[in-house]
Structures are given as structure tokens and as C-alpha cells.
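The file protein23.cif comes next; it holds mmCIF, C-alpha atoms.
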```cif
data_coords
loop_
_atom_site.label_atom_id
_atom_site.label_comp_id
_atom_site.auth_asym_id
_atom_site.auth_seq_id
_atom_site.Cartn_x
_atom_site.Cartn_y
_atom_site.Cartn_z
CA MET A 1 -5.35 -11.05 10.36
CA GLN A 2 -2.74 -9.70 12.74
CA PRO A 3 0.92 -10.31 11.94
CA LEU A 4 2.40 -13.28 13.76
CA LEU A 5 5.57 -11.34 14.54
CA THR A 6 5.23 -8.32 16.80
CA THR A 7 6.55 -4.94 15.76
CA THR A 8 8.83 -4.95 18.81
CA ALA A 9 10.38 -8.35 17.96
CA SER A 10 10.80 -7.41 14.30
CA LEU A 11 12.55 -4.15 15.27
CA LEU A 12 14.94 -5.97 17.59
CA VAL A 13 15.88 -8.39 14.82
CA ALA A 14 16.12 -5.60 12.21
CA LEU A 15 18.46 -3.57 14.44
CA ARG A 16 20.94 -6.46 14.41
CA ALA A 17 22.00 -5.22 10.96
CA GLY A 18 23.17 -1.97 12.54
CA PRO A 19 21.86 1.41 13.68
CA ALA A 20 18.96 2.83 11.72
CA CYS A 21 16.04 5.21 11.90
CA GLY A 22 12.43 4.04 11.98
CA LEU A 23 11.88 4.27 8.22
CA VAL A 24 14.99 2.20 7.46
CA LEU A 25 13.91 -0.35 10.06
CA ILE A 26 10.52 -0.64 8.37
CA GLN A 27 12.29 -1.25 5.04
CA ARG A 28 14.46 -3.95 6.65
CA VAL A 29 11.43 -5.73 8.10
CA VAL A 30 9.60 -5.56 4.77
CA ARG A 31 12.64 -6.94 2.94
CA CYS A 32 13.36 -9.70 5.48
CA THR A 33 9.74 -10.90 5.60
CA GLY A 34 9.35 -10.94 1.84
CA ARG A 35 6.82 -8.07 2.04
CA ARG A 36 4.52 -10.14 4.28
CA MET A 37 4.92 -7.68 7.14
CA ARG A 38 5.03 -3.92 6.97
CA PRO A 39 4.98 -2.25 10.38
CA ALA A 40 3.21 1.10 10.37
CA GLN A 41 5.17 4.20 11.35
CA ALA A 42 2.49 4.78 13.96
CA SER A 43 3.53 1.53 15.68
CA VAL A 44 7.30 1.66 15.05
CA TYR A 45 8.12 4.89 16.85
CA PRO A 46 6.16 4.07 20.04
CA ALA A 47 7.78 0.60 20.00
CA LEU A 48 11.25 2.17 19.70
CA LYS A 49 10.43 4.51 22.58
CA GLU A 50 9.29 1.52 24.67
CA LEU A 51 12.45 -0.44 23.79
CA GLU A 52 14.52 2.59 24.74
CA GLY A 53 12.68 2.81 28.07
CA LYS A 54 13.49 -0.85 28.76
CA GLY A 55 17.17 -0.27 27.95
CA LEU A 56 17.16 -2.50 24.87
CA VAL A 57 17.96 0.26 22.37
CA ARG A 58 19.57 3.64 22.64
CA ARG A 59 18.95 6.73 20.60
CA LEU A 60 21.94 8.08 18.74
CA GLY A 61 22.41 11.81 18.34
CA PRO A 62 20.44 13.51 15.58
CA SER A 63 22.15 13.21 12.23
CA ALA A 64 22.64 15.92 9.65
CA VAL A 65 20.03 14.22 7.48
CA ARG A 66 16.71 15.98 7.82
CA ARG A 67 13.26 14.82 6.84
CA ARG A 68 10.39 17.31 6.78
CA GLY A 69 12.48 19.69 8.83
CA ARG A 70 13.28 17.11 11.53
CA ALA A 71 16.68 15.59 12.09
CA ARG A 72 16.81 11.86 11.49
CA VAL A 73 17.26 9.90 14.72
CA ASP A 74 18.96 6.53 14.56
CA TYR A 75 18.63 3.77 17.14
CA GLU A 76 21.01 0.96 17.99
CA LEU A 77 20.84 -2.13 20.18
CA THR A 78 22.38 -2.04 23.64
CA LEU A 79 24.18 -5.12 24.98
CA VAL A 80 20.98 -6.18 26.71
CA GLY A 81 19.11 -5.56 23.46
CA VAL A 82 21.52 -7.82 21.59
CA ARG A 83 20.83 -10.60 24.11
CA VAL A 84 17.07 -10.12 23.86
CA SER A 85 17.24 -10.04 20.06
CA ASP A 86 19.25 -13.29 20.19
CA VAL A 87 16.38 -14.87 22.13
CA ALA A 88 13.85 -13.51 19.61
CA ARG A 89 15.88 -14.85 16.66
CA HIS A 90 16.37 -18.21 18.35
CA THR A 91 12.65 -18.48 19.12
CA ILE A 92 11.69 -17.64 15.53
CA ARG A 93 14.22 -20.12 14.14
CA SER A 94 13.08 -22.82 16.56
CA LEU A 95 9.48 -22.36 15.49
CA VAL A 96 10.43 -22.59 11.82
CA ALA A 97 12.63 -25.66 12.43
CA ALA A 98 9.88 -27.36 14.44
CA GLU A 99 7.40 -26.70 11.65
CA ARG A 100 9.84 -28.19 9.11
CA ASP A 101 10.38 -31.25 11.33
CA ASP A 102 6.63 -31.68 11.80
CA THR A 103 6.08 -31.33 8.07
CA SER A 104 8.70 -33.95 7.20
CA ALA A 105 7.36 -36.30 9.90
CA ALA A 106 3.86 -35.79 8.54
CA ALA A 107 5.14 -36.45 5.00
CA GLU A 108 6.82 -39.68 6.13
CA GLY A 109 3.61 -40.73 7.89
CA MET A 110 1.63 -39.89 4.77
CA GLU A 111 3.96 -42.00 2.60
CA GLU A 112 3.44 -44.98 4.93
CA ARG A 113 -0.34 -44.52 4.85
CA VAL A 114 -0.28 -44.37 1.05
CA ARG A 115 1.80 -47.59 0.91
CA GLN A 116 -0.65 -49.33 3.26
CA SER A 117 -3.58 -48.04 1.27
CA MET A 118 -2.08 -49.29 -1.99
CA ALA A 119 -1.38 -52.70 -0.47
CA LEU A 120 -4.92 -52.86 0.88
CA SER A 121 -6.35 -51.76 -2.47
CA GLY A 122 -4.35 -54.49 -4.21
CA PHE A 123 -5.64 -57.06 -1.73
CA VAL A 124 -9.23 -55.90 -2.23
CA ALA A 125 -8.81 -56.04 -6.03
CA ARG A 126 -7.47 -59.63 -5.86
CA LEU A 127 -10.25 -60.62 -3.48
CA ARG A 128 -12.88 -59.11 -5.80
CA ARG A 129 -11.44 -60.92 -8.84
CA GLY A 130 -11.48 -64.19 -6.90
CA LEU A 131 -15.10 -63.67 -5.89
CA GLU A 132 -16.07 -62.81 -9.45
CA ARG A 133 -14.44 -66.04 -10.68
CA ARG A 134 -16.28 -68.08 -8.08
CA GLU A 135 -19.59 -66.46 -8.90
CA GLY A 136 -19.04 -67.07 -12.61
CA ALA A 137 -18.09 -70.74 -12.05
CA PRO A 138 -20.88 -73.37 -12.32
CA ARG A 139 -22.20 -74.70 -9.03
#
```
Go ahead and render the structure in this file as C-alpha cells.
Amino acid sequence: MQPLLTTTASLLVALRAGPACGLVLIQRVVRCTGRRMRPAQASVYPALKELEGKGLVRRLGPSAVRRRGRARVDYELTLVGVRVSDVARHTIRSLVAAERDDTSAAAEGMEERVRQSMALSGFVARLRRGLERREGAPR
């Protein structure tokens, strides 16, 4: 099953915590999603490049930290990126809130159906007892 949250959206939200390189962003996404999503490095770096091309993130100068001989490159949100990440966060929160509202509405509806069912069951039980009495009575 494919993740419900895209790599691009998860990176935008993860970058709200501050500048980071791809590996740190992956760790943030894993932590924030409770390990339910782990973007692959093979998808993170092309997504960052795409976000950079759209002007949503900017690459910071290479740091002194090196990994396998390469300098670590951090990315940060631009002002436009902050706005787009706000929309992504708001959309995610709205979906979660709507699901919670639907769940509580469904629970309330279920409680009413159970009450009606219990009342109907009680009525049927009384009706059955009455019929049994009548059938047992002499004619």
C-alpha cells in the first residue's frame, strides 16, 4: 500500500522544524508519523530538488560535516515554502479533524441505534411472554 502522505508534503512539514539535510528530514518524518512512513533516500533527494526548482526550499551552503566524502547539504523553507507547508499542515489537520467528527457522529448514531434496538427487544420479549401466557391459558 502506498503511503497516504506524499514525500513532498512530508518534507515540507518536516522542514518547518528548521533547516536539515535529507537524512535528518527522513528521521523527522519517521518520528512524526510514529514510524508509519519512512521516505526512501531515492525519493527524498529528487523531491528536494523539485521543491528547490519550484522555489519552495533553498539549498544552504555545504557544511563542514562530510558523509562518505561528500559535504552535507542542508535545505530550508523559503517564504513561499512556509505558506505552502501551512496549507499542507492545515489540510492534514482538517482531514484528521473531519475523521474525528465523523467518528463521534457515527458513535452517537450507534448509541441511538443500540437504545432503539434494546427498546425493541424489550417490547418483543414482553409481547412473546404475553403470547405464551395466552397460549397456556385454557380456551
| For this file, the PyMOL selection byres ((chain A and resi 7) around 12) selects which residues, as a ChimeraX atom specification? | /A:2-6,8-14,22,25-26,29-30,37-48,50-51,88
| message | Could you tell me, as a list of chain:residue names, exactly which residues end up selected when the PyMOL selection byres ((chain A and resi 86) around 12) is applied to this structure? | response |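 When the PyMOL selection byres ((chain A and resi 86) around 12) is applied, the selected residues are A:Ala9, A:Ser10, A:Leu12, A:Val13, A:Ala14, A:Leu15, A:Arg16, A:Leu56, A:Leu77, A:Leu79, A:Val80, A:Gly81, A:Val82, A:Arg83, A:Val84, A:Ser85, A:Val87, A:Ala88, A:Arg89, A:His90, A:Thr91, A:Ile92, A:Arg93, A:Ser94.
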Include C-alpha atoms and write out the residues we just selected as a compact mmCIF listing (two decimals), in the coordinates of the input.
```txt
# COMPACT_ATOMS: atom_id res chain seq x y z
CA ALA A 9 10.38 -8.35 17.96
CA SER A 10 10.80 -7.41 14.30
CA LEU A 12 14.94 -5.97 17.59
CA VAL A 13 15.88 -8.39 14.82
CA ALA A 14 16.12 -5.60 12.21
CA LEU A 15 18.46 -3.57 14.44
CA ARG A 16 20.94 -6.46 14.41
CA LEU A 56 17.16 -2.50 24.87
CA LEU A 77 20.84 -2.13 20.18
CA LEU A 79 24.18 -5.12 24.98
CA VAL A 80 20.98 -6.18 26.71
CA GLY A 81 19.11 -5.56 23.46
CA VAL A 82 21.52 -7.82 21.59
CA ARG A 83 20.83 -10.60 24.11
CA VAL A 84 17.07 -10.12 23.86
CA SER A 85 17.24 -10.04 20.06
CA VAL A 87 16.38 -14.87 22.13
CA ALA A 88 13.85 -13.51 19.61
CA ARG A 89 15.88 -14.85 16.66
CA HIS A 90 16.37 -18.21 18.35
CA THR A 91 12.65 -18.48 19.12
CA ILE A 92 11.69 -17.64 15.53
CA ARG A 93 14.22 -20.12 14.14
CA SER A 94 13.08 -22.82 16.56
```
| query | How far is it from atom CA of A:Arg35 to atom CA of A:Ala20, in Å with one decimal? | reply |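 Between atom CA of A:Arg35 and atom CA of A:Ala20 the gap works out to 19.0 Å.
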| In Å, with one decimal, what is the gap from atom CA of A:Ala17 to atom CA of A:Gly69? |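 Those two atoms sit 26.8 Å apart.
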| atom CA of A:Val24 and atom CA of A:Gly55 are how many Å apart? | 20.8 Å
| What's the 10 Å shell around A:Pro19, counting only C-alpha atoms, without same-chain residues fewer than 6 positions away, as number ranges by chain? | A: 25, 57-60, 73-77
Starting from the incomplete input, reconstruct N, CA and C atoms of stretch 22-50 of chain A and report them as a PDB file, in the coordinates of the input.
```
ATOM      1  N   GLY A  22      13.667   4.805  12.107  1.00  0.00           N
ATOM      2  CA  GLY A  22      12.430   4.040  11.980  1.00  0.00           C
ATOM      3  C   GLY A  22      12.090   3.653  10.557  1.00  0.00           C
ATOM      4  N   LEU A  23      12.226   4.571   9.611  1.00  0.00           N
ATOM      5  CA  LEU A  23      11.880   4.270   8.220  1.00  0.00           C
ATOM      6  C   LEU A  23      12.773   3.183   7.636  1.00  0.00           C
ATOM      7  N   VAL A  24      14.054   3.232   7.947  1.00  0.00           N
ATOM      8  CA  VAL A  24      14.990   2.200   7.460  1.00  0.00           C
ATOM      9  C   VAL A  24      14.655   0.858   8.108  1.00  0.00           C
ATOM     10  N   LEU A  25      14.285   0.887   9.381  1.00  0.00           N
ATOM     11  CA  LEU A  25      13.910  -0.350  10.060  1.00  0.00           C
ATOM     12  C   LEU A  25      12.670  -0.972   9.420  1.00  0.00           C
ATOM     13  N   ILE A  26      11.709  -0.138   9.060  1.00  0.00           N
ATOM     14  CA  ILE A  26      10.520  -0.640   8.370  1.00  0.00           C
ATOM     15  C   ILE A  26      10.930  -1.324   7.069  1.00  0.00           C
ATOM     16  N   GLN A  27      11.824  -0.674   6.304  1.00  0.00           N
ATOM     17  CA  GLN A  27      12.290  -1.250   5.040  1.00  0.00           C
ATOM     18  C   GLN A  27      12.993  -2.590   5.271  1.00  0.00           C
ATOM     19  N   ARG A  28      13.777  -2.691   6.340  1.00  0.00           N
ATOM     20  CA  ARG A  28      14.460  -3.950   6.650  1.00  0.00           C
ATOM     21  C   ARG A  28      13.453  -5.058   6.953  1.00  0.00           C
ATOM     22  N   VAL A  29      12.448  -4.724   7.744  1.00  0.00           N
ATOM     23  CA  VAL A  29      11.430  -5.730   8.100  1.00  0.00           C
ATOM     24  C   VAL A  29      10.689  -6.182   6.849  1.00  0.00           C
ATOM     25  N   VAL A  30      10.309  -5.236   6.008  1.00  0.00           N
ATOM     26  CA  VAL A  30       9.600  -5.560   4.770  1.00  0.00           C
ATOM     27  C   VAL A  30      10.457  -6.487   3.907  1.00  0.00           C
ATOM     28  N   ARG A  31      11.728  -6.146   3.766  1.00  0.00           N
ATOM     29  CA  ARG A  31      12.640  -6.940   2.940  1.00  0.00           C
ATOM     30  C   ARG A  31      12.846  -8.338   3.531  1.00  0.00           C
ATOM     31  N   CYS A  32      13.077  -8.414   4.830  1.00  0.00           N
ATOM     32  CA  CYS A  32      13.360  -9.700   5.480  1.00  0.00           C
ATOM     33  C   CYS A  32      12.143 -10.624   5.515  1.00  0.00           C
ATOM     34  N   THR A  33      10.946 -10.069   5.543  1.00  0.00           N
ATOM     35  CA  THR A  33       9.740 -10.900   5.600  1.00  0.00           C
ATOM     36  C   THR A  33       9.142 -11.135   4.215  1.00  0.00           C
ATOM     37  N   GLY A  34       9.863 -10.736   3.185  1.00  0.00           N
ATOM     38  CA  GLY A  34       9.350 -10.940   1.840  1.00  0.00           C
ATOM     39  C   GLY A  34       8.061 -10.174   1.588  1.00  0.00           C
ATOM     40  N   ARG A  35       7.979  -8.975   2.173  1.00  0.00           N
ATOM     41  CA  ARG A  35       6.820  -8.070   2.040  1.00  0.00           C
ATOM     42  C   ARG A  35       5.560  -8.591   2.728  1.00  0.00           C
ATOM     43  N   ARG A  36       5.694  -9.625   3.579  1.00  0.00           N
ATOM     44  CA  ARG A  36       4.520 -10.140   4.280  1.00  0.00           C
ATOM     45  C   ARG A  36       4.207  -9.331   5.529  1.00  0.00           C
ATOM     46  N   MET A  37       5.156  -8.524   5.973  1.00  0.00           N
ATOM     47  CA  MET A  37       4.920  -7.680   7.140  1.00  0.00           C
ATOM     48  C   MET A  37       5.441  -6.286   6.845  1.00  0.00           C
ATOM     49  N   ARG A  38       4.626  -5.307   7.128  1.00  0.00           N
ATOM     50  CA  ARG A  38       5.030  -3.920   6.970  1.00  0.00           C
ATOM     51  C   ARG A  38       4.531  -3.149   8.188  1.00  0.00           C
ATOM     52  N   PRO A  39       5.403  -2.991   9.194  1.00  0.00           N
ATOM     53  CA  PRO A  39       4.980  -2.250  10.380  1.00  0.00           C
ATOM     54  C   PRO A  39       4.653  -0.803  10.022  1.00  0.00           C
ATOM     55  N   ALA A  40       3.612  -0.290  10.605  1.00  0.00           N
ATOM     56  CA  ALA A  40       3.210   1.100  10.370  1.00  0.00           C
ATOM     57  C   ALA A  40       4.104   2.028  11.180  1.00  0.00           C
ATOM     58  N   GLN A  41       4.377   3.206  10.617  1.00  0.00           N
ATOM     59  CA  GLN A  41       5.170   4.200  11.350  1.00  0.00           C
ATOM     60  C   GLN A  41       4.531   4.501  12.692  1.00  0.00           C
ATOM     61  N   ALA A  42       3.212   4.463  12.722  1.00  0.00           N
ATOM     62  CA  ALA A  42       2.490   4.780  13.960  1.00  0.00           C
ATOM     63  C   ALA A  42       2.751   3.744  15.054  1.00  0.00           C
ATOM     64  N   SER A  43       3.215   2.537  14.668  1.00  0.00           N
ATOM     65  CA  SER A  43       3.530   1.530  15.680  1.00  0.00           C
ATOM     66  C   SER A  43       5.042   1.429  15.927  1.00  0.00           C
ATOM     67  N   VAL A  44       5.839   1.804  14.934  1.00  0.00           N
ATOM     68  CA  VAL A  44       7.300   1.660  15.050  1.00  0.00           C
ATOM     69  C   VAL A  44       7.874   2.649  16.067  1.00  0.00           C
ATOM     70  N   TYR A  45       7.502   3.898  15.966  1.00  0.00           N
ATOM     71  CA  TYR A  45       8.120   4.890  16.850  1.00  0.00           C
ATOM     72  C   TYR A  45       7.726   4.701  18.324  1.00  0.00           C
ATOM     73  N   PRO A  46       6.467   4.383  18.631  1.00  0.00           N
ATOM     74  CA  PRO A  46       6.160   4.070  20.040  1.00  0.00           C
ATOM     75  C   PRO A  46       6.897   2.805  20.515  1.00  0.00           C
ATOM     76  N   ALA A  47       7.055   1.821  19.629  1.00  0.00           N
ATOM     77  CA  ALA A  47       7.780   0.600  20.000  1.00  0.00           C
ATOM     78  C   ALA A  47       9.248   0.919  20.280  1.00  0.00           C
ATOM     79  N   LEU A  48       9.855   1.781  19.467  1.00  0.00           N
ATOM     80  CA  LEU A  48      11.250   2.170  19.700  1.00  0.00           C
ATOM     81  C   LEU A  48      11.380   2.917  21.029  1.00  0.00           C
ATOM     82  N   LYS A  49      10.416   3.759  21.308  1.00  0.00           N
ATOM     83  CA  LYS A  49      10.430   4.510  22.580  1.00  0.00           C
ATOM     84  C   LYS A  49      10.313   3.534  23.761  1.00  0.00           C
ATOM     85  N   GLU A  50       9.448   2.535  23.617  1.00  0.00           N
ATOM     86  CA  GLU A  50       9.290   1.520  24.670  1.00  0.00           C
ATOM     87  C   GLU A  50      10.579   0.712  24.839  1.00  0.00           C
TER      88      GLU A  50
END
```
